[in-house]
Amino acid sequence: MLVRLLYASRAVDTTVEAIDAILSQSRQSNPACGITGILCYGGGIFLQAIEGGRMAVSDLFGHIQKDKRHKDVVLLHYEEISERRFGGWTMGQVNMSRINTSILLKYAEKPELDPYSVSGKVSLALLEELMATASIMGRA
């Protein structure tokens, strides 16, 4: 049974090194667990979709909730899926500083990443558009 989980959190340490460490760790750990997904980071906020088996996704989300590098972790969306949308990525990364602000304004009141102020479905639509517009880096 495949599932998709979407969550938001705030970074405790917003240095480039700390964010890169989180991305690097997910790219190393996720393949062995069958996890794929995409990570957006901007303005101190993470927006991440993770896909995989129900238990693997549940275990990973439990780990994220306890991870001291994250705070204000909130579940935005969870669904059973028949196929992956982010299957080509062990963890794709969106560079929010290079995003056309019109994409952000399409889904939110302000041109900034703020999944706390929109629905989970809106956040997922934003991720899908970022994927469709080739705004995602790091297929590895």
# chains A, B, ... in the order shown; residues from 1 in each chain; ligands from 1

$ select_by_dssp --residues "range 20-124 of chain A" --states "strand (DSSP E or B)" --output "NGL selection string"
:A and (36-42 or 45-53 or 70-81 or 92-95)

$ residues_around --residues "Leu104 in chain A" --least-positions-apart "6" --cutoff "10 Å" --atoms "only C-alpha atoms" --output "count of residues only"
9

$ closest_residue --among "A:Thr14, A:Gln93, A:Ser58, A:Ser9" --to "Ser26 in chain A" --atoms "only C-alpha atoms"
A:Gln93

$ residues_around --residues "range 18-20 of chain A" --least-positions-apart "5" --cutoff "9 Å" --atoms "only C-alpha atoms" --output "list of chain:residue names"
A:Ala11, A:Asp13, A:Gln25, A:Tyr41, A:Arg69

$ write_last_selection --atoms "N, CA and C atoms" --output "PDB file, in the first residue's frame"
ATOM      1  N   ALA A  11      12.524  25.363  10.343  1.00  0.00           N
ATOM      2  CA  ALA A  11      13.907  24.971  10.628  1.00  0.00           C
ATOM      3  C   ALA A  11      14.372  25.628  11.912  1.00  0.00           C
ATOM      4  N   ASP A  13      17.700  25.550  12.763  1.00  0.00           N
ATOM      5  CA  ASP A  13      18.952  26.154  12.286  1.00  0.00           C
ATOM      6  C   ASP A  13      18.782  26.426  10.795  1.00  0.00           C
ATOM      7  N   GLN A  25      20.999  13.777   4.324  1.00  0.00           N
ATOM      8  CA  GLN A  25      20.593  12.624   5.123  1.00  0.00           C
ATOM      9  C   GLN A  25      19.391  11.924   4.496  1.00  0.00           C
ATOM     10  N   TYR A  41      12.208  24.463   0.587  1.00  0.00           N
ATOM     11  CA  TYR A  41      12.664  25.222   1.736  1.00  0.00           C
ATOM     12  C   TYR A  41      12.731  26.687   1.356  1.00  0.00           C
ATOM     13  N   ARG A  69      15.971  19.284  14.686  1.00  0.00           N
ATOM     14  CA  ARG A  69      16.232  20.277  13.642  1.00  0.00           C
ATOM     15  C   ARG A  69      14.945  20.905  13.098  1.00  0.00           C
TER      16      ARG A  69
END

$ residues_around --residues "Cys40 in chain A" --least-positions-apart "2" --cutoff "6 Å" --atoms "only C-alpha atoms" --output "ChimeraX atom specification"
/A:46-47,93-94

$ write_last_selection --atoms "C-alpha atoms" --output "PDB file, in the first residue's frame"
ATOM      1  CA  PHE A  46      10.118  23.251   5.030  1.00  0.00           C
ATOM      2  CA  LEU A  47       7.342  21.845   2.870  1.00  0.00           C
ATOM      3  CA  GLN A  93      14.904  19.995  -3.773  1.00  0.00           C
ATOM      4  CA  VAL A  94      13.255  23.240  -4.771  1.00  0.00           C
TER       5      VAL A  94
END

$ closest_residue --among "A:Tyr107, A:His63, A:Lys68, A:Asn30" --to "Ser123 in chain A" --atoms "only C-alpha atoms"
A:Tyr107

$ select_by_dssp --residues "range 8-139 of chain A" --states "helix (DSSP H, G or I)" --output "JSON, numbers by chain"
{"A": [16, 17, 18, 19, 20, 21, 22, 23, 24, 25, 26, 27, 28, 29, 30, 31, 32, 33, 54, 55, 56, 57, 58, 59, 60, 61, 62, 63, 64, 65, 66, 96, 97, 98, 101, 102, 103, 104, 105, 106, 107, 115, 116, 117, 120, 121, 122, 123, 124, 125, 126, 127, 128, 129, 130, 131, 132]}
